[in-house]
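Colleague: Below you'll find the structure I mean.
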Amino acid sequence: MSGRIGKRPAALAALAAAVSLACTVLTVAAGGSWASDMAPFACRVDYTTNDWGSGFGATATISNLGSSAIDGWTLTYTYAGNQTLQHGWSGNWSQSGKQVTVTSMSWNSSVPAGGSVSTGANFSYSGSNAKPTDFAVNGAACTGTVPPTTTTTTTPPGSGPAPALRVSGNKIVSADGRPYRLLGVSRSSGEFACVQGKGMWDSGPVDQASVDAMKTWNIHAVRIPLNEECWLGVNGSPGGAAYRQAVKDYVDLLVANGINVILDLHWTWGAYSNGPDWHCKDEHAVCQKPMPDAKYAPQFWTGVATAFKGNDAVVFDLFNEPYPEIASDWNKTLGWQCWRDGGTCTGLPYETAGMQDLVDAVRSTGATNILMLGGLEWANDMREWLAHKPTDPLNNIAASWHAYSNNACASETCWDSQIAPLTQQAPVVLGEFGQDNCGFDYMQRLVDWADSHRLSYLAWTWNPWGCSTGAVLIKDWNGTPEPGVGEGLKAHLLTQNPY
């Protein structure tokens, strides 16, 4: 997205609280039936909240501290006040009076020994909001010793260079194998300023002071959208070597300050004159196209990969928001085929580069960087992503999902059914997200859900454009947050640790 989506005066203050309770409960046999003759297992329930005064998001994480897996779980607890369930995710939530009950779903019912599962919900309330103390799992009370209350600690950016990253199973991990989340923002302008007569970064600073402003938000990752014609020197100013050097200088500065960088191919060449009226029809890279082009996109990624290979703190987002299905009357079968294989795609008059072509272009240089791939429907539809995932000899690919409040998949029900299963098979990065006003309510629900699944996420956008219709985080380059959206995101990021 570039200039996608305005103004809500009320700011949200995210307050984090945590409580850990050790417990011993009975295992549940496969299928969820009680098996009282089975050995008990030890567990811990970690309960955290993000409270904005009249409501809060709660996340409960059940950790299996025993030596055997459990299959099927039911969590119960009670509130002391008037907390009222609004909606939940990653579990079947219900409330009777003050008691809350959560049962497992089909995809997260099994908790291996040493593993954990998280579930979350939003509540409304007034008055006090005391933490529950009577957690039980599968009917047995958590009667173990209560350890001291813990608070979320953060690893401040700037304490060292950003870590080199790779994919391991369904997680992004650092070089020492620890799971790591890319938590931060997009910094727009590299995709449009060079073709709109606005210089390199739209008059915005890319110096140490601007990076220090990001660090006050606890930002650990920055996504930088790019323009392929400016990178290649085909069109725009600065272009060619000057554009490439400016990108490299900014990337090096961020990485040196402990901030991982995601380079995103955002605006590309490709005439689409028969598209809908709202679509940009210019063949030059002055707007967002349905698919990358075979003319320049592989050449672009060969150049970017050559420039940054050996620096695995940098991630490559191969194409911002594919939507080839629009050219074939929303035929998703043809859309996914075009997405992976490229070539002559139905309804698109230019030859496209598929995701496999771009993976091959990067790997041909010897670059080992993580690759991010967005799905269809502006990267919001991820249902066939696994089935069409390109072949990567390094198996170093993450799924890039975009989720705005005006997208089709914009509810916990959809996230549970479409995104949660994908998180079990591949790392999922919420590469862009925002809402269509300047509030933070939708975004709060989304980051709470993402936290419960340990997803990476990057909000749009770190640019002081004035928040009138949404998706603008700051009022100035000093990092002053916009009311609502900016204040809510900053407060939330300050409670998070990428490790």
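Residues are referred to by chain and number: the chain letter is A, B, ... according to the order shown in the structure tokens, the number counts from 1 in that chain, and ligands are numbered separately from 1 in the order shown.
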Please provide the set of residues having any atom within 8 Å of Leu183 of chain A, restricted to only C-alpha atoms, with same-chain residues fewer than 6 positions apart removed, written as a ChimeraX atom specification.
Modeller: /A:219-221,456-458,493,498
Colleague: Segment 82-97 of chain A: which residues within 6 Å, counting only C-alpha atoms, same-chain residues fewer than 4 positions away excluded, as an NGL selection string?
Modeller: :A and (101-105 or 119-125 or 412)
Colleague: Could you save the residues just selected, with N, CA and C atoms, as a PDB file, in the first residue's frame?
Modeller:
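So the final result, stored in out-v8.pdb, reads:
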ATOM      1  N   THR A 101     -14.893 -19.520  30.044  1.00  0.00           N
ATOM      2  CA  THR A 101     -14.453 -20.852  29.613  1.00  0.00           C
ATOM      3  C   THR A 101     -13.910 -20.761  28.196  1.00  0.00           C
ATOM      4  N   VAL A 102     -12.765 -21.376  27.954  1.00  0.00           N
ATOM      5  CA  VAL A 102     -12.160 -21.422  26.625  1.00  0.00           C
ATOM      6  C   VAL A 102     -11.807 -22.865  26.307  1.00  0.00           C
ATOM      7  N   THR A 103     -12.273 -23.366  25.170  1.00  0.00           N
ATOM      8  CA  THR A 103     -11.917 -24.721  24.741  1.00  0.00           C
ATOM      9  C   THR A 103     -11.057 -24.664  23.493  1.00  0.00           C
ATOM     10  N   SER A 104     -10.259 -25.682  23.303  1.00  0.00           N
ATOM     11  CA  SER A 104      -9.330 -25.721  22.179  1.00  0.00           C
ATOM     12  C   SER A 104     -10.052 -25.859  20.856  1.00  0.00           C
ATOM     13  N   MET A 105      -9.378 -25.448  19.802  1.00  0.00           N
ATOM     14  CA  MET A 105      -9.859 -25.632  18.443  1.00  0.00           C
ATOM     15  C   MET A 105      -9.134 -26.824  17.835  1.00  0.00           C
ATOM     16  N   THR A 119      -4.268 -18.163  23.527  1.00  0.00           N
ATOM     17  CA  THR A 119      -5.610 -17.801  23.097  1.00  0.00           C
ATOM     18  C   THR A 119      -5.903 -16.408  23.649  1.00  0.00           C
ATOM     19  N   GLY A 120      -6.803 -15.682  23.013  1.00  0.00           N
ATOM     20  CA  GLY A 120      -7.044 -14.313  23.455  1.00  0.00           C
ATOM     21  C   GLY A 120      -8.460 -13.863  23.197  1.00  0.00           C
ATOM     22  N   ALA A 121      -8.851 -12.770  23.848  1.00  0.00           N
ATOM     23  CA  ALA A 121     -10.193 -12.216  23.678  1.00  0.00           C
ATOM     24  C   ALA A 121     -10.181 -10.756  24.093  1.00  0.00           C
ATOM     25  N   ASN A 122     -11.197 -10.024  23.623  1.00  0.00           N
ATOM     26  CA  ASN A 122     -11.416  -8.652  24.047  1.00  0.00           C
ATOM     27  C   ASN A 122     -12.613  -8.584  24.980  1.00  0.00           C
ATOM     28  N   PHE A 123     -12.527  -7.724  25.996  1.00  0.00           N
ATOM     29  CA  PHE A 123     -13.580  -7.548  26.993  1.00  0.00           C
ATOM     30  C   PHE A 123     -13.873  -6.063  27.173  1.00  0.00           C
ATOM     31  N   SER A 124     -15.087  -5.753  27.563  1.00  0.00           N
ATOM     32  CA  SER A 124     -15.428  -4.417  28.040  1.00  0.00           C
ATOM     33  C   SER A 124     -15.546  -4.473  29.564  1.00  0.00           C
ATOM     34  N   TYR A 125     -15.393  -3.310  30.237  1.00  0.00           N
ATOM     35  CA  TYR A 125     -15.557  -3.287  31.689  1.00  0.00           C
ATOM     36  C   TYR A 125     -15.651  -1.843  32.151  1.00  0.00           C
ATOM     37  N   GLU A 412     -11.467 -11.858  13.664  1.00  0.00           N
ATOM     38  CA  GLU A 412     -10.860 -12.998  14.329  1.00  0.00           C
ATOM     39  C   GLU A 412     -11.342 -14.318  13.751  1.00  0.00           C
TER      40      GLU A 412
END
Colleague: Have a look at atom CA of Pro322 of chain A and atom CA of Leu376 of chain A and let me know their distance in Å, one decimal.
Modeller: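 Interatomic distance, atom CA of Pro322 of chain A to atom CA of Leu376 of chain A: 5.4 Å.
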Colleague: Please identify which residues in segment 430-459 of chain A DSSP calls helix (DSSP H, G or I) from the backbone, and express them as number ranges by chain.
Modeller: A: 441-452
Colleague: Since we have the selection now, will you write its residues out, keeping C-alpha atoms, as a CSV table (one decimal), in the first residue's frame?
Modeller:
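So the final result, stored in again.csv, reads:
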chain,number,residue,atom,x,y,z
A,441,ASP,CA,-9.5,-0.5,18.0
A,442,TYR,CA,-9.2,-2.7,14.9
A,443,MET,CA,-5.4,-2.6,15.1
A,444,GLN,CA,-5.5,-3.5,18.8
A,445,ARG,CA,-7.5,-6.6,18.1
A,446,LEU,CA,-5.1,-7.5,15.3
A,447,VAL,CA,-1.9,-7.1,17.3
A,448,ASP,CA,-3.4,-9.0,20.2
A,449,TRP,CA,-4.3,-11.9,17.9
A,450,ALA,CA,-0.8,-11.7,16.2
A,451,ASP,CA,0.9,-11.7,19.6
A,452,SER,CA,-1.0,-14.8,20.7
Colleague: Find the residue from A:Ser68, A:Thr74, A:Ser188, A:Asn396 that sits nearest to Ala113 of chain A; use only C-alpha atoms when measuring.
Modeller: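 Closest to Ala113 of chain A, using only C-alpha atoms: A:Ser68.
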Colleague: Which of these residues is nearest to Asp416 of chain A, using only C-alpha atoms: A:Asn108, A:Phe56, A:Gly184, A:Asn380?
Modeller: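 Residue with the minimum atom-to-atom distance to Asp416 of chain A: A:Asn108.
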Colleague: Mind checking which residues fall within 12 Å of Gln196 of chain A, counting only C-alpha atoms, ignoring those fewer than 2 positions away in the same chain, and posting them as a PDB file with N, CA, C and O atoms, in the first residue's frame?
Modeller:
ATOM      1  N   SER A 189       8.057   6.129   0.984  1.00  0.00           N
ATOM      2  CA  SER A 189       8.561   7.206   0.118  1.00  0.00           C
ATOM      3  C   SER A 189       9.583   6.723  -0.898  1.00  0.00           C
ATOM      4  O   SER A 189       9.684   7.301  -1.983  1.00  0.00           O
ATOM      5  N   GLY A 190      10.339   5.661  -0.569  1.00  0.00           N
ATOM      6  CA  GLY A 190      11.299   5.156  -1.545  1.00  0.00           C
ATOM      7  C   GLY A 190      10.649   4.626  -2.797  1.00  0.00           C
ATOM      8  O   GLY A 190      11.299   4.483  -3.840  1.00  0.00           O
ATOM      9  N   GLU A 191       9.336   4.335  -2.725  1.00  0.00           N
ATOM     10  CA  GLU A 191       8.623   3.830  -3.892  1.00  0.00           C
ATOM     11  C   GLU A 191       8.096   4.938  -4.791  1.00  0.00           C
ATOM     12  O   GLU A 191       7.891   4.744  -5.993  1.00  0.00           O
ATOM     13  N   PHE A 192       7.838   6.145  -4.238  1.00  0.00           N
ATOM     14  CA  PHE A 192       7.158   7.163  -5.041  1.00  0.00           C
ATOM     15  C   PHE A 192       7.923   8.469  -5.211  1.00  0.00           C
ATOM     16  O   PHE A 192       7.753   9.161  -6.226  1.00  0.00           O
ATOM     17  N   ALA A 193       8.753   8.855  -4.239  1.00  0.00           N
ATOM     18  CA  ALA A 193       9.354  10.185  -4.292  1.00  0.00           C
ATOM     19  C   ALA A 193      10.188  10.398  -5.552  1.00  0.00           C
ATOM     20  O   ALA A 193      10.147  11.468  -6.172  1.00  0.00           O
ATOM     21  N   CYS A 194      10.918   9.381  -5.960  1.00  0.00           N
ATOM     22  CA  CYS A 194      11.816   9.522  -7.107  1.00  0.00           C
ATOM     23  C   CYS A 194      11.078   9.710  -8.427  1.00  0.00           C
ATOM     24  O   CYS A 194      11.651  10.235  -9.392  1.00  0.00           O
ATOM     25  N   LYS A 198      10.055  14.418  -5.896  1.00  0.00           N
ATOM     26  CA  LYS A 198      10.179  14.702  -4.467  1.00  0.00           C
ATOM     27  C   LYS A 198      11.490  14.193  -3.890  1.00  0.00           C
ATOM     28  O   LYS A 198      11.606  13.948  -2.695  1.00  0.00           O
ATOM     29  N   GLY A 199      12.483  14.015  -4.761  1.00  0.00           N
ATOM     30  CA  GLY A 199      13.781  13.575  -4.283  1.00  0.00           C
ATOM     31  C   GLY A 199      13.791  12.106  -3.927  1.00  0.00           C
ATOM     32  O   GLY A 199      13.063  11.299  -4.488  1.00  0.00           O
ATOM     33  N   MET A 200      14.625  11.769  -2.934  1.00  0.00           N
ATOM     34  CA  MET A 200      14.791  10.363  -2.592  1.00  0.00           C
ATOM     35  C   MET A 200      13.806   9.906  -1.530  1.00  0.00           C
ATOM     36  O   MET A 200      13.161   8.878  -1.659  1.00  0.00           O
ATOM     37  N   TRP A 201      13.659  10.691  -0.443  1.00  0.00           N
ATOM     38  CA  TRP A 201      12.856  10.249   0.695  1.00  0.00           C
ATOM     39  C   TRP A 201      11.739  11.224   1.020  1.00  0.00           C
ATOM     40  O   TRP A 201      11.355  11.369   2.176  1.00  0.00           O
ATOM     41  N   ASP A 202      11.231  11.951   0.007  1.00  0.00           N
ATOM     42  CA  ASP A 202      10.116  12.873   0.208  1.00  0.00           C
ATOM     43  C   ASP A 202      10.443  13.904   1.289  1.00  0.00           C
ATOM     44  O   ASP A 202       9.607  14.236   2.143  1.00  0.00           O
ATOM     45  N   ASN A 227      11.208   1.309  -5.661  1.00  0.00           N
ATOM     46  CA  ASN A 227      10.733   1.485  -7.030  1.00  0.00           C
ATOM     47  C   ASN A 227      11.733   0.839  -7.969  1.00  0.00           C
ATOM     48  O   ASN A 227      12.917   1.205  -7.972  1.00  0.00           O
ATOM     49  N   CYS A 230      13.506   3.240 -10.615  1.00  0.00           N
ATOM     50  CA  CYS A 230      14.501   4.128 -10.009  1.00  0.00           C
ATOM     51  C   CYS A 230      15.760   3.346  -9.649  1.00  0.00           C
ATOM     52  O   CYS A 230      16.883   3.817  -9.852  1.00  0.00           O
ATOM     53  N   ASN A 235      13.888   5.183 -14.997  1.00  0.00           N
ATOM     54  CA  ASN A 235      12.995   6.336 -14.894  1.00  0.00           C
ATOM     55  C   ASN A 235      13.116   6.900 -13.487  1.00  0.00           C
ATOM     56  O   ASN A 235      13.412   6.169 -12.529  1.00  0.00           O
ATOM     57  N   GLY A 236      12.888   8.214 -13.358  1.00  0.00           N
ATOM     58  CA  GLY A 236      12.883   8.833 -12.045  1.00  0.00           C
ATOM     59  C   GLY A 236      14.214   9.449 -11.668  1.00  0.00           C
ATOM     60  O   GLY A 236      15.266   9.158 -12.253  1.00  0.00           O
ATOM     61  N   SER A 237      14.164  10.329 -10.640  1.00  0.00           N
ATOM     62  CA  SER A 237      15.361  10.995 -10.157  1.00  0.00           C
ATOM     63  C   SER A 237      15.226  11.232  -8.651  1.00  0.00           C
ATOM     64  O   SER A 237      14.209  11.799  -8.210  1.00  0.00           O
ATOM     65  N   PRO A 238      16.195  10.784  -7.865  1.00  0.00           N
ATOM     66  CA  PRO A 238      17.418  10.114  -8.309  1.00  0.00           C
ATOM     67  C   PRO A 238      17.138   8.719  -8.840  1.00  0.00           C
ATOM     68  O   PRO A 238      16.155   8.088  -8.447  1.00  0.00           O
ATOM     69  N   HIS A 284       4.761   3.013 -16.647  1.00  0.00           N
ATOM     70  CA  HIS A 284       5.933   3.211 -15.800  1.00  0.00           C
ATOM     71  C   HIS A 284       5.629   2.860 -14.342  1.00  0.00           C
ATOM     72  O   HIS A 284       4.472   2.730 -13.933  1.00  0.00           O
ATOM     73  N   ALA A 285       6.675   2.746 -13.556  1.00  0.00           N
ATOM     74  CA  ALA A 285       6.535   2.364 -12.152  1.00  0.00           C
ATOM     75  C   ALA A 285       6.122   3.577 -11.321  1.00  0.00           C
ATOM     76  O   ALA A 285       6.870   4.079 -10.477  1.00  0.00           O
ATOM     77  N   VAL A 286       4.904   4.058 -11.579  1.00  0.00           N
ATOM     78  CA  VAL A 286       4.385   5.230 -10.881  1.00  0.00           C
ATOM     79  C   VAL A 286       3.152   4.873 -10.048  1.00  0.00           C
ATOM     80  O   VAL A 286       2.436   5.757  -9.580  1.00  0.00           O
ATOM     81  N   CYS A 287       2.911   3.585  -9.874  1.00  0.00           N
ATOM     82  CA  CYS A 287       1.730   3.122  -9.161  1.00  0.00           C
ATOM     83  C   CYS A 287       1.873   1.629  -8.891  1.00  0.00           C
ATOM     84  O   CYS A 287       2.853   0.999  -9.294  1.00  0.00           O
TER      85      CYS A 287
END
Colleague: Nearest residue to Asn463 of chain A out of A:Ser110, A:Ser186, A:Asn437, A:Ser63, using only C-alpha atoms?
Modeller: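 Closest to Asn463 of chain A of all the choices is A:Ser186.
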Colleague: Kindly give the distance, in Å, that separates atom CA of Ser405 of chain A and atom CA of Ile370 of chain A, rounded to a single decimal.
Modeller: 27.6 Å
Colleague: Name the closest residue to Gly342 of chain A among the candidates A:Ser417, A:Asp329, A:Asn320, A:Pro290; distances are taken between atoms, counting only C-alpha atoms.
Modeller: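 Looking only at the distances to Gly342 of chain A, the closest residue turns out to be A:Pro290.
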Colleague: Which residues come within 7 Å of Val485 of chain A, counting only C-alpha atoms, excluding same-chain residues fewer than 6 positions away, as a PyMOL selection string?
Modeller: chain A and resi 438-440+473
Colleague: To one decimal in Å, tell me the separation between atom CA of Trp217 of chain A and atom CA of Ile259 of chain A.
Modeller: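 Computing it gives 12.0 Å between the two atoms.
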Colleague: When distances are computed from only C-alpha atoms, which of A:Thr368, A:Ile397, A:Leu455, A:Ala297 shows the smallest separation from Ala420 of chain A?
Modeller: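 Smallest separation from Ala420 of chain A among the options: A:Leu455.
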Colleague: Near Pro481 of chain A, counting only C-alpha atoms, which residues have an atom at most 12 Å away, once you skip same-chain residues fewer than 3 positions from it, shown as a PDB file with C-alpha atoms, in the first residue's frame?
Modeller:
ATOM      1  CA  ALA A  11      -5.966   7.879  22.300  1.00  0.00           C
ATOM      2  CA  LEU A  12      -5.593   4.367  23.585  1.00  0.00           C
ATOM      3  CA  ALA A 213      13.072   8.572  17.132  1.00  0.00           C
ATOM      4  CA  MET A 214      12.102   5.087  15.973  1.00  0.00           C
ATOM      5  CA  THR A 216      11.844   5.476  21.364  1.00  0.00           C
ATOM      6  CA  TRP A 217       8.922   3.360  20.088  1.00  0.00           C
ATOM      7  CA  CYS A 438      -7.229   7.161  12.939  1.00  0.00           C
ATOM      8  CA  THR A 461       3.274   4.058   7.949  1.00  0.00           C
ATOM      9  CA  TRP A 462       6.092   6.072   9.616  1.00  0.00           C
ATOM     10  CA  ASN A 463       5.374   9.268   7.654  1.00  0.00           C
ATOM     11  CA  PRO A 464       3.948  12.572   9.008  1.00  0.00           C
ATOM     12  CA  TRP A 465       1.256  13.011   6.369  1.00  0.00           C
ATOM     13  CA  GLY A 466      -1.535  14.004   8.765  1.00  0.00           C
ATOM     14  CA  CYS A 467      -3.963  11.317   9.866  1.00  0.00           C
ATOM     15  CA  ALA A 471      -2.671   4.549   8.420  1.00  0.00           C
ATOM     16  CA  VAL A 472      -0.466   7.498   9.415  1.00  0.00           C
ATOM     17  CA  LEU A 473       1.436   6.921  12.663  1.00  0.00           C
ATOM     18  CA  ILE A 474       3.406  10.093  13.394  1.00  0.00           C
ATOM     19  CA  LYS A 475       2.843  13.856  13.499  1.00  0.00           C
ATOM     20  CA  ASP A 476       6.480  14.744  12.825  1.00  0.00           C
ATOM     21  CA  TRP A 477       9.842  13.129  12.154  1.00  0.00           C
ATOM     22  CA  ASN A 478      10.663  13.317  15.874  1.00  0.00           C
ATOM     23  CA  GLY A 484      -5.302   7.091  18.608  1.00  0.00           C
ATOM     24  CA  VAL A 485      -3.426   5.100  16.006  1.00  0.00           C
ATOM     25  CA  GLY A 486       0.104   6.284  16.797  1.00  0.00           C
ATOM     26  CA  GLU A 487      -0.296   6.426  20.563  1.00  0.00           C
ATOM     27  CA  GLY A 488      -1.912   3.000  20.586  1.00  0.00           C
ATOM     28  CA  LEU A 489       0.789   1.371  18.477  1.00  0.00           C
ATOM     29  CA  LYS A 490       3.652   3.013  20.386  1.00  0.00           C
ATOM     30  CA  ALA A 491       2.220   1.879  23.732  1.00  0.00           C
TER      31      ALA A 491
END
